[in-house]
file structure-v5.pdb (PDB, C-alpha atoms and all ligand atoms)
ATOM      1  CA  MET J   1      -3.998 -39.670  -8.466
ATOM      2  CA  MET J   2      -3.279 -38.772  -4.851
ATOM      3  CA  ASN J   3      -5.608 -35.792  -4.777
ATOM      4  CA  ASP J   4      -8.746 -37.565  -5.929
ATOM      5  CA  TRP J   5     -11.381 -38.437  -3.422
ATOM      6  CA  LEU J   6     -12.873 -41.888  -3.219
ATOM      7  CA  MET J   7     -16.272 -42.658  -1.738
ATOM      8  CA  LEU J   8     -16.045 -45.589   0.616
ATOM      9  CA  THR J   9     -19.204 -47.464   1.571
ATOM     10  CA  LEU J  10     -19.248 -50.108   4.299
ATOM     11  CA  ILE J  11     -22.381 -51.892   5.482
ATOM     12  CA  GLY J  12     -22.943 -54.754   7.883
ATOM     13  CA  ALA J  13     -24.565 -55.927  11.102
ATOM     14  CA  ASP J  14     -23.953 -53.330  13.798
ATOM     15  CA  ARG J  15     -21.433 -54.107  16.530
ATOM     16  CA  PRO J  16     -19.205 -51.987  18.734
ATOM     17  CA  GLY J  17     -15.881 -50.820  17.316
ATOM     18  CA  ILE J  18     -16.610 -50.702  13.595
ATOM     19  CA  VAL J  19     -15.771 -47.023  13.139
ATOM     20  CA  ALA J  20     -12.661 -47.219  15.302
ATOM     21  CA  ARG J  21     -11.249 -50.261  13.477
ATOM     22  CA  VAL J  22     -11.909 -48.882  10.002
ATOM     23  CA  THR J  23     -10.603 -45.374  10.648
ATOM     24  CA  ASP J  24      -7.556 -46.656  12.531
ATOM     25  CA  THR J  25      -6.632 -48.868   9.585
ATOM     26  CA  LEU J  26      -6.965 -45.908   7.223
ATOM     27  CA  TYR J  27      -4.982 -43.614   9.508
ATOM     28  CA  ARG J  28      -2.091 -46.059   9.961
ATOM     29  CA  ALA J  29      -1.841 -46.522   6.200
ATOM     30  CA  GLY J  30      -1.658 -42.769   5.618
ATOM     31  CA  TRP J  31      -5.107 -42.196   4.134
ATOM     32  CA  THR J  32      -6.958 -38.913   4.710
ATOM     33  CA  LEU J  33     -10.606 -38.768   5.745
ATOM     34  CA  GLY J  34     -12.930 -36.153   4.274
ATOM     35  CA  GLU J  35     -16.615 -35.789   5.055
ATOM     36  CA  ALA J  36     -18.574 -38.747   6.318
ATOM     37  CA  SER J  37     -22.044 -39.845   7.233
ATOM     38  CA  MET J  38     -22.516 -42.952   9.340
ATOM     39  CA  MET J  39     -25.597 -44.328  10.995
ATOM     40  CA  ARG J  40     -27.393 -47.329  12.333
ATOM     41  CA  LEU J  41     -30.262 -48.407  10.101
ATOM     42  CA  GLY J  42     -32.385 -51.456  10.823
ATOM     43  CA  GLY J  43     -29.753 -53.021  13.044
ATOM     44  CA  ASN J  44     -27.076 -52.497  10.424
ATOM     45  CA  PHE J  45     -24.353 -49.937  10.481
ATOM     46  CA  ALA J  46     -23.745 -47.961   7.298
ATOM     47  CA  ILE J  47     -20.679 -45.856   6.596
ATOM     48  CA  MET J  48     -20.318 -43.421   3.725
ATOM     49  CA  MET J  49     -17.007 -41.665   3.844
ATOM     50  CA  MET J  50     -14.809 -39.599   1.559
ATOM     51  CA  VAL J  51     -11.201 -40.771   1.723
ATOM     52  CA  ARG J  52      -8.074 -40.085  -0.258
ATOM     53  CA  GLY J  53      -4.508 -41.259  -0.383
ATOM     54  CA  GLY J  54      -4.299 -43.626  -3.320
ATOM     55  CA  GLU J  55      -6.138 -45.661  -5.926
ATOM     56  CA  ALA J  56      -9.427 -47.464  -5.444
ATOM     57  CA  ASP J  57      -7.655 -50.823  -5.711
ATOM     58  CA  ASP J  58      -5.233 -49.904  -2.910
ATOM     59  CA  LEU J  59      -8.101 -48.926  -0.675
ATOM     60  CA  GLU J  60      -9.969 -52.146  -1.312
ATOM     61  CA  ALA J  61      -6.857 -54.229  -0.658
ATOM     62  CA  LEU J  62      -6.216 -52.352   2.585
ATOM     63  CA  LEU J  63      -9.729 -52.679   3.944
ATOM     64  CA  GLU J  64     -10.743 -56.131   2.761
ATOM     65  CA  PRO J  65      -9.230 -57.957   5.758
ATOM     66  CA  VAL J  66     -10.881 -55.506   8.157
ATOM     67  CA  ALA J  67     -14.226 -55.733   6.388
ATOM     68  CA  ASP J  68     -14.043 -59.537   6.470
ATOM     69  CA  ALA J  69     -13.193 -59.574  10.157
ATOM     70  CA  LEU J  70     -16.100 -57.248  10.971
ATOM     71  CA  GLY J  71     -18.581 -58.815   8.571
ATOM     72  CA  LEU J  72     -18.921 -55.684   6.446
ATOM     73  CA  ARG J  73     -19.567 -55.378   2.740
ATOM     74  CA  LEU J  74     -17.142 -52.971   1.128
ATOM     75  CA  HIS J  75     -17.615 -50.740  -1.871
ATOM     76  CA  VAL J  76     -15.350 -48.063  -3.338
ATOM     77  CA  ASP J  77     -16.205 -45.466  -5.981
ATOM     78  CA  ALA J  78     -14.017 -42.857  -7.568
ATOM     79  CA  ILE J  79     -16.029 -39.639  -7.297
ATOM     80  CA  ALA J  80     -16.002 -36.310  -9.031
ATOM     81  CA  GLY J  81     -16.212 -33.891  -6.139
ATOM     82  CA  GLY J  82     -14.464 -32.615  -3.095
ATOM     83  CA  LEU J  83     -14.729 -30.749   0.150
ATOM     84  CA  HIS J  84     -16.319 -27.309   0.557
ATOM     85  CA  ARG J  85     -19.344 -28.091  -1.582
ATOM     86  CA  HIS J  86     -21.909 -27.454   1.112
ATOM     87  CA  MET J  87     -25.296 -26.099   0.184
ATOM     88  CA  ILE J  88     -27.459 -24.434   2.808
ATOM     89  CA  PRO J  89     -31.040 -25.720   2.890
ATOM     90  CA  ASN J  90     -33.744 -23.064   2.937
ATOM     91  CA  TYR J  91     -36.749 -25.327   3.486
ATOM     92  CA  GLN J  92     -37.647 -28.157   5.795
ATOM     93  CA  VAL J  93     -40.375 -30.694   5.057
ATOM     94  CA  ARG J  94     -41.886 -32.870   7.772
ATOM     95  CA  VAL J  95     -43.961 -35.919   7.068
ATOM     96  CA  SER J  96     -45.676 -38.146   9.585
ATOM     97  CA  GLY J  97     -48.580 -40.527   9.593
ATOM     98  CA  ALA J  98     -49.658 -44.076   8.967
ATOM     99  CA  ASP J  99     -46.887 -46.132   7.437
ATOM    100  CA  ARG J 100     -48.048 -47.112   3.993
ATOM    101  CA  ALA J 101     -46.598 -47.767   0.577
ATOM    102  CA  GLY J 102     -45.814 -44.812  -1.626
ATOM    103  CA  ILE J 103     -45.391 -42.020   0.919
ATOM    104  CA  VAL J 104     -41.807 -41.238  -0.009
ATOM    105  CA  ALA J 105     -42.462 -41.428  -3.727
ATOM    106  CA  GLN J 106     -45.489 -39.147  -3.503
ATOM    107  CA  VAL J 107     -43.856 -36.509  -1.348
ATOM    108  CA  THR J 108     -40.521 -36.449  -3.131
ATOM    109  CA  GLY J 109     -42.256 -36.591  -6.510
ATOM    110  CA  ALA J 110     -44.302 -33.508  -5.636
ATOM    111  CA  LEU J 111     -41.145 -31.755  -4.427
ATOM    112  CA  ALA J 112     -39.134 -32.617  -7.528
ATOM    113  CA  GLU J 113     -41.910 -31.354  -9.770
ATOM    114  CA  ALA J 114     -42.050 -28.087  -7.824
ATOM    115  CA  GLY J 115     -38.329 -27.482  -8.260
ATOM    116  CA  PHE J 116     -37.136 -28.561  -4.816
ATOM    117  CA  ASN J 117     -33.678 -30.086  -4.494
ATOM    118  CA  ILE J 118     -33.307 -32.573  -1.608
ATOM    119  CA  LEU J 119     -30.080 -32.111   0.358
ATOM    120  CA  ASP J 120     -30.859 -34.373   3.283
ATOM    121  CA  LEU J 121     -33.543 -36.939   4.019
ATOM    122  CA  GLU J 122     -34.042 -38.894   7.210
ATOM    123  CA  SER J 123     -36.856 -41.294   7.826
ATOM    124  CA  ASP J 124     -37.817 -43.592  10.649
ATOM    125  CA  VAL J 125     -40.649 -45.894  11.477
ATOM    126  CA  ALA J 126     -41.862 -45.130  14.981
ATOM    127  CA  GLY J 127     -44.734 -46.669  16.928
ATOM    128  CA  ASP J 128     -44.842 -50.457  17.036
ATOM    129  CA  GLU J 129     -45.537 -53.420  14.746
ATOM    130  CA  ALA J 130     -49.295 -53.044  15.068
ATOM    131  CA  ASN J 131     -49.371 -49.278  14.607
ATOM    132  CA  PRO J 132     -46.326 -48.138  12.702
ATOM    133  CA  VAL J 133     -45.897 -44.394  12.346
ATOM    134  CA  TYR J 134     -43.820 -43.136   9.486
ATOM    135  CA  VAL J 135     -41.714 -40.051  10.254
ATOM    136  CA  MET J 136     -39.618 -38.274   7.655
ATOM    137  CA  THR J 137     -37.751 -34.994   7.616
ATOM    138  CA  ILE J 138     -36.332 -33.516   4.452
ATOM    139  CA  GLN J 139     -34.105 -30.489   4.141
ATOM    140  CA  GLY J 140     -33.602 -28.943   0.783
ATOM    141  CA  ASP J 141     -33.143 -25.981  -1.406
ATOM    142  CA  SER J 142     -35.616 -24.251  -3.681
ATOM    143  CA  ASP J 143     -36.040 -20.869  -5.346
ATOM    144  CA  GLN J 144     -39.819 -21.243  -5.211
ATOM    145  CA  PRO J 145     -41.842 -19.205  -2.721
ATOM    146  CA  LEU J 146     -43.282 -21.012   0.282
ATOM    147  CA  GLU J 147     -46.868 -20.770  -0.993
ATOM    148  CA  VAL J 148     -45.975 -22.538  -4.245
ATOM    149  CA  LEU J 149     -44.295 -25.420  -2.430
ATOM    150  CA  ARG J 150     -47.098 -25.636   0.112
ATOM    151  CA  LYS J 151     -49.607 -25.902  -2.718
ATOM    152  CA  ALA J 152     -47.512 -28.571  -4.428
ATOM    153  CA  LEU J 153     -47.534 -30.645  -1.221
ATOM    154  CA  GLU J 154     -51.232 -30.166  -0.485
ATOM    155  CA  THR J 155     -52.373 -33.467  -1.896
ATOM    156  CA  ALA J 156     -49.091 -35.372  -1.494
ATOM    157  CA  GLY J 157     -50.082 -36.827   1.871
ATOM    158  CA  GLY J 158     -53.226 -38.366   0.484
ATOM    159  CA  GLY J 159     -55.312 -37.653   3.589
ATOM    160  CA  ASP J 160     -53.744 -40.044   6.100
ATOM    161  CA  VAL J 161     -50.277 -38.523   6.183
ATOM    162  CA  GLU J 162     -49.372 -35.101   7.565
ATOM    163  CA  VAL J 163     -47.047 -33.131   5.278
ATOM    164  CA  SER J 164     -45.831 -29.671   6.218
ATOM    165  CA  ILE J 165     -43.154 -27.367   4.931
ATOM    166  CA  SER J 166     -41.481 -24.464   6.674
ATOM    167  CA  PRO J 167     -38.663 -22.118   5.763
ATOM    168  CA  ILE J 168     -35.251 -22.425   7.392
ATOM    169  CA  ASP J 169     -33.671 -19.088   8.142
ATOM    170  CA  THR J 170     -30.008 -19.739   8.738
ATOM    171  CA  LEU J 171     -28.443 -17.304  11.163
ATOM    172  CA  ILE J 172     -24.988 -16.019  10.242
ATOM    173  CA  GLY J 173     -23.267 -14.094  12.998
TER     174      GLY J 173
ATOM    175  CA  MET V 174     -14.571   3.571   8.996
ATOM    176  CA  ALA V 175     -12.580   0.495   8.199
ATOM    177  CA  VAL V 176     -13.459  -3.090   7.445
ATOM    178  CA  LEU V 177     -11.504  -5.229   9.895
ATOM    179  CA  ASP V 178     -10.097  -8.718   9.395
ATOM    180  CA  ILE V 179     -12.296 -11.491  10.745
ATOM    181  CA  LEU V 180     -10.608 -14.219  12.764
ATOM    182  CA  THR V 181     -11.552 -17.728  11.758
ATOM    183  CA  ALA V 182     -11.502 -20.985  13.730
ATOM    184  CA  PRO V 183      -9.301 -22.449  15.123
ATOM    185  CA  ASP V 184      -7.776 -19.094  16.090
ATOM    186  CA  PRO V 185      -7.264 -19.311  19.882
ATOM    187  CA  ARG V 186      -8.504 -15.752  20.375
ATOM    188  CA  LEU V 187     -12.009 -16.987  19.506
ATOM    189  CA  LYS V 188     -11.807 -19.207  22.603
ATOM    190  CA  ALA V 189     -10.906 -16.384  24.973
ATOM    191  CA  VAL V 190     -13.297 -14.742  27.431
ATOM    192  CA  SER V 191     -13.672 -11.047  26.641
ATOM    193  CA  ALA V 192     -13.330  -8.303  29.229
ATOM    194  CA  PRO V 193     -16.066  -5.799  30.142
ATOM    195  CA  VAL V 194     -15.914  -2.343  28.566
ATOM    196  CA  GLU V 195     -15.108   0.314  31.159
ATOM    197  CA  ARG V 196     -14.425   3.416  29.076
ATOM    198  CA  PHE V 197     -17.224   4.737  26.903
ATOM    199  CA  ASP V 198     -15.204   7.143  24.807
ATOM    200  CA  ASP V 199     -14.792   8.191  21.180
ATOM    201  CA  ALA V 200     -12.294   5.408  20.605
ATOM    202  CA  LEU V 201     -14.931   2.866  21.625
ATOM    203  CA  ARG V 202     -17.494   4.425  19.306
ATOM    204  CA  ALA V 203     -15.021   4.541  16.417
ATOM    205  CA  PHE V 204     -14.341   0.852  16.933
ATOM    206  CA  ILE V 205     -18.092   0.114  16.948
ATOM    207  CA  ASP V 206     -18.366   1.873  13.577
ATOM    208  CA  ASP V 207     -15.597  -0.323  12.220
ATOM    209  CA  LEU V 208     -17.244  -3.424  13.643
ATOM    210  CA  GLU V 209     -20.509  -2.489  11.927
ATOM    211  CA  ALA V 210     -18.703  -1.850   8.639
ATOM    212  CA  THR V 211     -17.114  -5.288   8.975
ATOM    213  CA  ARG V 212     -20.489  -6.945   9.614
ATOM    214  CA  ARG V 213     -21.933  -5.298   6.529
ATOM    215  CA  ALA V 214     -18.988  -6.243   4.350
ATOM    216  CA  GLY V 215     -19.516  -9.949   4.976
ATOM    217  CA  PRO V 216     -22.112 -12.387   3.701
ATOM    218  CA  ALA V 217     -25.452 -11.220   5.153
ATOM    219  CA  ALA V 218     -24.477 -11.494   8.809
ATOM    220  CA  VAL V 219     -27.168 -10.483  11.319
ATOM    221  CA  GLY V 220     -24.607 -10.067  14.058
ATOM    222  CA  ILE V 221     -20.972  -9.700  14.949
ATOM    223  CA  ALA V 222     -18.968  -9.714  18.171
ATOM    224  CA  ALA V 223     -15.796  -7.757  18.949
ATOM    225  CA  PRO V 224     -13.619 -10.853  19.560
ATOM    226  CA  GLN V 225     -14.335 -11.936  15.974
ATOM    227  CA  VAL V 226     -12.050  -9.104  14.895
ATOM    228  CA  GLY V 227      -9.541  -9.803  17.652
ATOM    229  CA  ARG V 228     -10.708  -7.194  20.163
ATOM    230  CA  LEU V 229     -11.415  -9.059  23.391
ATOM    231  CA  GLN V 230     -14.061  -6.730  24.766
ATOM    232  CA  ARG V 231     -17.733  -7.321  25.502
ATOM    233  CA  ILE V 232     -19.296  -5.588  22.498
ATOM    234  CA  VAL V 233     -21.753  -7.080  19.998
ATOM    235  CA  ILE V 234     -23.942  -5.795  17.199
ATOM    236  CA  VAL V 235     -27.204  -7.496  16.248
ATOM    237  CA  ASP V 236     -29.650  -6.464  13.556
ATOM    238  CA  VAL V 237     -32.335  -8.820  12.260
ATOM    239  CA  SER V 238     -34.539  -6.016  10.891
ATOM    240  CA  GLY V 239     -33.536  -6.713   7.300
ATOM    241  CA  MET V 240     -34.669 -10.329   7.016
ATOM    242  CA  ARG V 241     -36.368 -11.340   3.782
ATOM    243  CA  ARG V 242     -39.117 -12.875   5.902
ATOM    244  CA  PRO V 243     -39.650 -10.285   8.658
ATOM    245  CA  VAL V 244     -39.225 -11.403  12.275
ATOM    246  CA  PRO V 245     -39.974  -9.569  15.544
ATOM    247  CA  ASN V 246     -37.050  -7.268  16.272
ATOM    248  CA  HIS V 247     -35.746  -4.188  18.052
ATOM    249  CA  GLY V 248     -33.912  -2.780  15.034
ATOM    250  CA  HIS V 249     -30.190  -2.168  14.939
ATOM    251  CA  LEU V 250     -28.690  -2.983  18.331
ATOM    252  CA  VAL V 251     -25.271  -2.132  19.684
ATOM    253  CA  LEU V 252     -24.909  -4.007  22.963
ATOM    254  CA  VAL V 253     -22.002  -3.208  25.232
ATOM    255  CA  ASN V 254     -21.510  -5.497  28.233
ATOM    256  CA  PRO V 255     -24.640  -7.500  27.361
ATOM    257  CA  GLU V 256     -25.925  -9.882  29.978
ATOM    258  CA  ILE V 257     -28.683 -12.392  29.439
ATOM    259  CA  THR V 258     -30.697 -12.515  32.641
ATOM    260  CA  HIS V 259     -33.516 -14.874  31.729
ATOM    261  CA  TRP V 260     -33.959 -17.824  29.372
ATOM    262  CA  GLU V 261     -37.226 -19.469  28.386
ATOM    263  CA  GLY V 262     -38.180 -22.337  26.113
ATOM    264  CA  PHE V 263     -35.921 -23.966  23.556
ATOM    265  CA  GLU V 264     -35.833 -24.117  19.819
ATOM    266  CA  LEU V 265     -33.707 -25.837  17.202
ATOM    267  CA  GLY V 266     -32.327 -23.625  14.465
ATOM    268  CA  ARG V 267     -29.633 -23.535  11.849
ATOM    269  CA  GLU V 268     -26.600 -21.348  12.374
ATOM    270  CA  GLY V 269     -23.418 -20.398  10.633
ATOM    271  CA  CYS V 270     -20.699 -17.961  11.645
ATOM    272  CA  LEU V 271     -18.429 -15.419   9.997
ATOM    273  CA  SER V 272     -15.597 -17.121  11.888
ATOM    274  CA  VAL V 273     -16.467 -20.599  10.556
ATOM    275  CA  PRO V 274     -16.662 -20.373   6.756
ATOM    276  CA  ASP V 275     -18.519 -23.002   4.732
ATOM    277  CA  TYR V 276     -20.351 -24.727   7.535
ATOM    278  CA  THR V 277     -23.816 -24.521   9.043
ATOM    279  CA  GLY V 278     -25.354 -26.726  11.687
ATOM    280  CA  ASN V 279     -28.219 -27.166  14.101
ATOM    281  CA  VAL V 280     -28.072 -25.510  17.501
ATOM    282  CA  ILE V 281     -30.576 -25.398  20.358
ATOM    283  CA  ARG V 282     -31.188 -21.940  21.827
ATOM    284  CA  ALA V 283     -33.640 -20.405  24.245
ATOM    285  CA  GLU V 284     -36.784 -19.186  22.519
ATOM    286  CA  ARG V 285     -37.170 -16.047  24.622
ATOM    287  CA  ILE V 286     -34.604 -14.099  26.596
ATOM    288  CA  ARG V 287     -34.327 -10.972  28.693
ATOM    289  CA  LEU V 288     -31.114  -9.035  28.661
ATOM    290  CA  THR V 289     -29.468  -5.946  29.961
ATOM    291  CA  ALA V 290     -26.647  -4.038  28.280
ATOM    292  CA  GLN V 291     -25.208  -0.582  27.839
ATOM    293  CA  ASP V 292     -25.251   1.603  24.764
ATOM    294  CA  PRO V 293     -22.068   3.129  23.268
ATOM    295  CA  PHE V 294     -22.360   6.016  25.746
ATOM    296  CA  GLY V 295     -22.725   3.793  28.779
ATOM    297  CA  GLU V 296     -26.479   4.289  29.184
ATOM    298  CA  PRO V 297     -28.355   1.228  30.438
ATOM    299  CA  LEU V 298     -30.507  -0.826  28.048
ATOM    300  CA  ALA V 299     -32.952  -3.639  28.687
ATOM    301  CA  PHE V 300     -34.749  -5.881  26.214
ATOM    302  CA  GLU V 301     -37.119  -8.778  26.037
ATOM    303  CA  MET V 302     -36.801 -10.649  22.812
ATOM    304  CA  GLU V 303     -37.796 -13.860  21.086
ATOM    305  CA  GLY V 304     -37.106 -16.123  18.145
ATOM    306  CA  PHE V 305     -34.497 -15.219  15.577
ATOM    307  CA  GLU V 306     -33.397 -12.019  17.315
ATOM    308  CA  ALA V 307     -32.991 -13.863  20.625
ATOM    309  CA  ARG V 308     -31.003 -16.549  18.788
ATOM    310  CA  ALA V 309     -28.722 -13.929  17.255
ATOM    311  CA  VAL V 310     -28.020 -12.344  20.649
ATOM    312  CA  GLN V 311     -27.257 -15.745  22.204
ATOM    313  CA  HIS V 312     -24.877 -16.547  19.329
ATOM    314  CA  GLU V 313     -23.034 -13.242  19.753
ATOM    315  CA  VAL V 314     -22.892 -13.320  23.562
ATOM    316  CA  ASP V 315     -21.382 -16.799  23.231
ATOM    317  CA  HIS V 316     -18.507 -15.210  21.297
ATOM    318  CA  LEU V 317     -17.811 -12.985  24.327
ATOM    319  CA  ASP V 318     -17.466 -16.119  26.443
ATOM    320  CA  GLY V 319     -15.174 -17.854  23.975
ATOM    321  CA  LEU V 320     -17.826 -20.171  22.566
ATOM    322  CA  LEU V 321     -18.587 -20.909  18.930
ATOM    323  CA  PHE V 322     -21.807 -22.470  17.655
ATOM    324  CA  LEU V 323     -19.624 -25.501  16.930
ATOM    325  CA  ASP V 324     -19.481 -26.022  20.707
ATOM    326  CA  ARG V 325     -23.268 -26.359  20.794
ATOM    327  CA  LEU V 326     -23.933 -28.422  17.666
ATOM    328  CA  VAL V 327     -26.531 -31.146  17.773
ATOM    329  CA  SER V 328     -26.715 -33.994  15.294
ATOM    330  CA  ARG V 329     -28.663 -33.337  12.126
ATOM    331  CA  ARG V 330     -30.780 -36.306  13.133
ATOM    332  CA  THR V 331     -31.904 -34.485  16.262
ATOM    333  CA  ASP V 332     -35.323 -33.078  15.630
ATOM    334  CA  LEU V 333     -37.532 -31.548  18.294
ATOM    335  CA  PHE V 334     -40.494 -32.287  16.039
ATOM    336  CA  ARG V 335     -40.832 -35.830  17.311
ATOM    337  CA  ARG V 336     -40.577 -34.876  20.926
ATOM    338  CA  LYS V 337     -43.140 -32.118  20.483
ATOM    339  CA  ASN V 338     -45.669 -34.319  18.756
ATOM    340  CA  TYR V 339     -45.429 -37.579  20.608
ATOM    341  CA  ARG V 340     -44.950 -36.324  24.117
TER     342      ARG V 340
HETATM  343 ZN    ZN J 401     -20.441 -16.219  15.078
END
call {"tool": "encode", "arguments": {"input": "structure-v5.pdb", "output": "structure tokens"}}
result
Amino acid sequence: MMNDWLMLTLIGADRPGIVARVTDTLYRAGWTLGEASMMRLGGNFAIMMMVRGGEADDLEALLEPVADALGLRLHVDAIAGGLHRHMIPNYQVRVSGADRAGIVAQVTGALAEAGFNILDLESDVAGDEANPVYVMTIQGDSDQPLEVLRKALETAGGGDVEVSISPIDTLIG
Amino acid sequence: MAVLDILTAPDPRLKAVSAPVERFDDALRAFIDDLEATRRAGPAAVGIAAPQVGRLQRIVIVDVSGMRRPVPNHGHLVLVNPEITHWEGFELGREGCLSVPDYTGNVIRAERIRLTAQDPFGEPLAFEMEGFEARAVQHEVDHLDGLLFLDRLVSRRTDLFRRKNYR
């Protein structure tokens, strides 16, 4: 159906012009772009993009030559969802410290148990090979009071990782 | 009092520069009452600017006294011909706008400001403010200069946290 959104995922070694080539191909073939998130991760470029204008098979057929030429892996999913589904985060969690196994699982596990819904998570490894520093920011939504979430996160860092949570007051004006 | 229609982007009137108020009369004060009624009718707005209802005059209302988590504030403020005279520090915060439904984003604003303005009778006002209230005033004064928070968006990956901690 023409009105259904597809989620397009493209991943491959980063090089200039990926976004321009992909979106130009979609535009010329009459596809519509919705919301998208694209970023460079570990030297790769990753695209997640809502598109519509036809069936999943049509989209794959259209983009396969482009993906091949740019060395990208292509994946298409039919999704249940659409535009205007934004949720406003009311908490921000910041994590930083020694890079070690299990940080993400411990922090997100504590959050999930406390009734915190993750809307956005970004993480990076800063520092250098010898002294990697793990940095993560999470934005999310929870009905729980700050003290409850703070308590839930108290032990999540395990001593060598700094975990803090603060409210986000969104200004509407 | 009447609730006025709010213009939404991309209405070109939101991009216009508003003119200073010169007549402090009953008509001005009646309009300010309508503007306040409009602010209150919407979804928990802490501020509103006259151009958001299509009146291209330098009038804003800001009130952050009702926040669930209290913040430093000067109560309910009607600012006519507001002028920010001093900016200090910077802070990342999340903003939305009555004129941009269903979108919020990160914007950098000065942490502390000083401003002058006039009240609805033309009497001079002066404030020093910080934090959320200062952010609200900067957001509203932007409207008077034809700017939306969309014009000041920074990527969601931008986080002052790193800069602050690893400087
Ligand atoms: Zn606004």
call {"tool": "interface_residues", "arguments": {"input": "structure-v5.pdb", "of": "chain V", "to": "chain J", "cutoff": "9 Å", "atoms": "only C-alpha atoms", "output": "ChimeraX atom specification"}}
result
/V:212,216-222,235,240,242,266-272,275-278,305,308-309,312-313,330,332,334-335
call {"tool": "residues_near_point", "arguments": {"input": "structure-v5.pdb", "point": "(-47.3, -28.8, 7.4)", "cutoff": "9 Å", "atoms": "all atoms listed in the file", "output": "PDB file with C-alpha atoms, in the coordinates of the input"}}
result
ATOM      1  CA  VAL J  93     -40.375 -30.694   5.057  1.00  0.00           C
ATOM      2  CA  ARG J  94     -41.886 -32.870   7.772  1.00  0.00           C
ATOM      3  CA  VAL J  95     -43.961 -35.919   7.068  1.00  0.00           C
ATOM      4  CA  ARG J 150     -47.098 -25.636   0.112  1.00  0.00           C
ATOM      5  CA  LEU J 153     -47.534 -30.645  -1.221  1.00  0.00           C
ATOM      6  CA  GLU J 154     -51.232 -30.166  -0.485  1.00  0.00           C
ATOM      7  CA  GLU J 162     -49.372 -35.101   7.565  1.00  0.00           C
ATOM      8  CA  VAL J 163     -47.047 -33.131   5.278  1.00  0.00           C
ATOM      9  CA  SER J 164     -45.831 -29.671   6.218  1.00  0.00           C
ATOM     10  CA  ILE J 165     -43.154 -27.367   4.931  1.00  0.00           C
ATOM     11  CA  SER J 166     -41.481 -24.464   6.674  1.00  0.00           C
TER      12      SER J 166
END
call {"tool": "atom_distance", "arguments": {"input": "structure-v5.pdb", "atom1": "atom CA of V:His259", "atom2": "atom CA of V:Arg285"}}
result
8.1 Å
call {"tool": "residues_around", "arguments": {"input": "structure-v5.pdb", "residues": "stretch 198-208 of chain V", "least_positions_apart": "6", "cutoff": "12 Å", "atoms": "all atoms listed in the file", "output": "ChimeraX atom specification"}}
result
/V:174-179,214-215,218,220-228,230-235,250-253,292-295
call {"tool": "atom_distance", "arguments": {"input": "structure-v5.pdb", "atom1": "atom CA of V:Glu261", "atom2": "atom CA of V:Ala283"}}
result
5.6 Å
call {"tool": "resolve_selection", "arguments": {"input": "structure-v5.pdb", "expression": "the PyMOL selection byres (((chain V and resi 255) around 7) and not hetatm)", "output": "PyMOL selection string"}}
result
chain V and resi 252-254+256-257+288-291
call {"tool": "residues_around", "arguments": {"input": "structure-v5.pdb", "residues": "V:His247", "least_positions_apart": "6", "cutoff": "10 Å", "atoms": "only C-alpha atoms", "output": "MDAnalysis selection string"}}
result
chainID V and resid 235:238 300:302 306
call {"tool": "atom_distance", "arguments": {"input": "structure-v5.pdb", "atom1": "atom CA of J:Val125", "atom2": "atom CA of J:Pro16"}}
result
23.4 Å
call {"tool": "closest_residue", "arguments": {"input": "structure-v5.pdb", "among": "J:Ile47, J:Ala29, J:Ile138, J:Met7", "to": "J:Val104", "atoms": "only C-alpha atoms"}}
result
J:Ile138
call {"tool": "closest_residue", "arguments": {"input": "structure-v5.pdb", "among": "J:Gly34, J:Gly97, J:Gly159, J:Gly115", "to": "J:Gly140", "atoms": "all atoms listed in the file"}}
result
J:Gly115
call {"tool": "residues_around", "arguments": {"input": "structure-v5.pdb", "residues": "J:Asp77", "least_positions_apart": "4", "cutoff": "8 Å", "atoms": "only C-alpha atoms", "output": "CSV table (one decimal) with C-alpha atoms, keeping the file's coordinate frame"}}
result
chain,number,residue,atom,x,y,z
J,6,LEU,CA,-12.9,-41.9,-3.2
J,7,MET,CA,-16.3,-42.7,-1.7
J,8,LEU,CA,-16.0,-45.6,0.6
J,56,ALA,CA,-9.4,-47.5,-5.4
call {"tool": "closest_residue", "arguments": {"input": "structure-v5.pdb", "among": "V:Pro274, V:Gly304, V:Gly262, V:Pro193", "to": "ligand ZN 401 (chain J)", "atoms": "all atoms listed in the file"}}
result
V:Pro274
call {"tool": "axis_aligned_box", "arguments": {"input": "structure-v5.pdb", "around": "stretch 143-147 of chain J", "padding_each_side": "3 Å", "output": "lines of an AutoDock Vina configuration file"}}
result
center_x = -41.5
center_y = -20.2
center_z = -2.5
size_x = 16.8
size_y = 8.0
size_z = 11.6
call {"tool": "residues_around", "arguments": {"input": "structure-v5.pdb", "residues": "J:Glu55", "least_positions_apart": "5", "cutoff": "12 Å", "atoms": "all atoms listed in the file", "output": "list of chain:residue names"}}
result
J:Met1, J:Met2, J:Asn3, J:Asp4, J:Trp5, J:Leu6, J:Met7, J:Leu8, J:Trp31, J:Glu60, J:Ala61, J:Leu62, J:Val76, J:Asp77, J:Ala78, J:Ile79
call {"tool": "write_last_selection", "arguments": {"input": "structure-v5.pdb", "atoms": "C-alpha atoms", "output": "tab-separated table (two decimals), keeping the file's coordinate frame"}}
result
chain	number	residue	atom	x	y	z
J	1	MET	CA	-4.00	-39.67	-8.47
J	2	MET	CA	-3.28	-38.77	-4.85
J	3	ASN	CA	-5.61	-35.79	-4.78
J	4	ASP	CA	-8.75	-37.56	-5.93
J	5	TRP	CA	-11.38	-38.44	-3.42
J	6	LEU	CA	-12.87	-41.89	-3.22
J	7	MET	CA	-16.27	-42.66	-1.74
J	8	LEU	CA	-16.05	-45.59	0.62
J	31	TRP	CA	-5.11	-42.20	4.13
J	60	GLU	CA	-9.97	-52.15	-1.31
J	61	ALA	CA	-6.86	-54.23	-0.66
J	62	LEU	CA	-6.22	-52.35	2.58
J	76	VAL	CA	-15.35	-48.06	-3.34
J	77	ASP	CA	-16.20	-45.47	-5.98
J	78	ALA	CA	-14.02	-42.86	-7.57
J	79	ILE	CA	-16.03	-39.64	-7.30
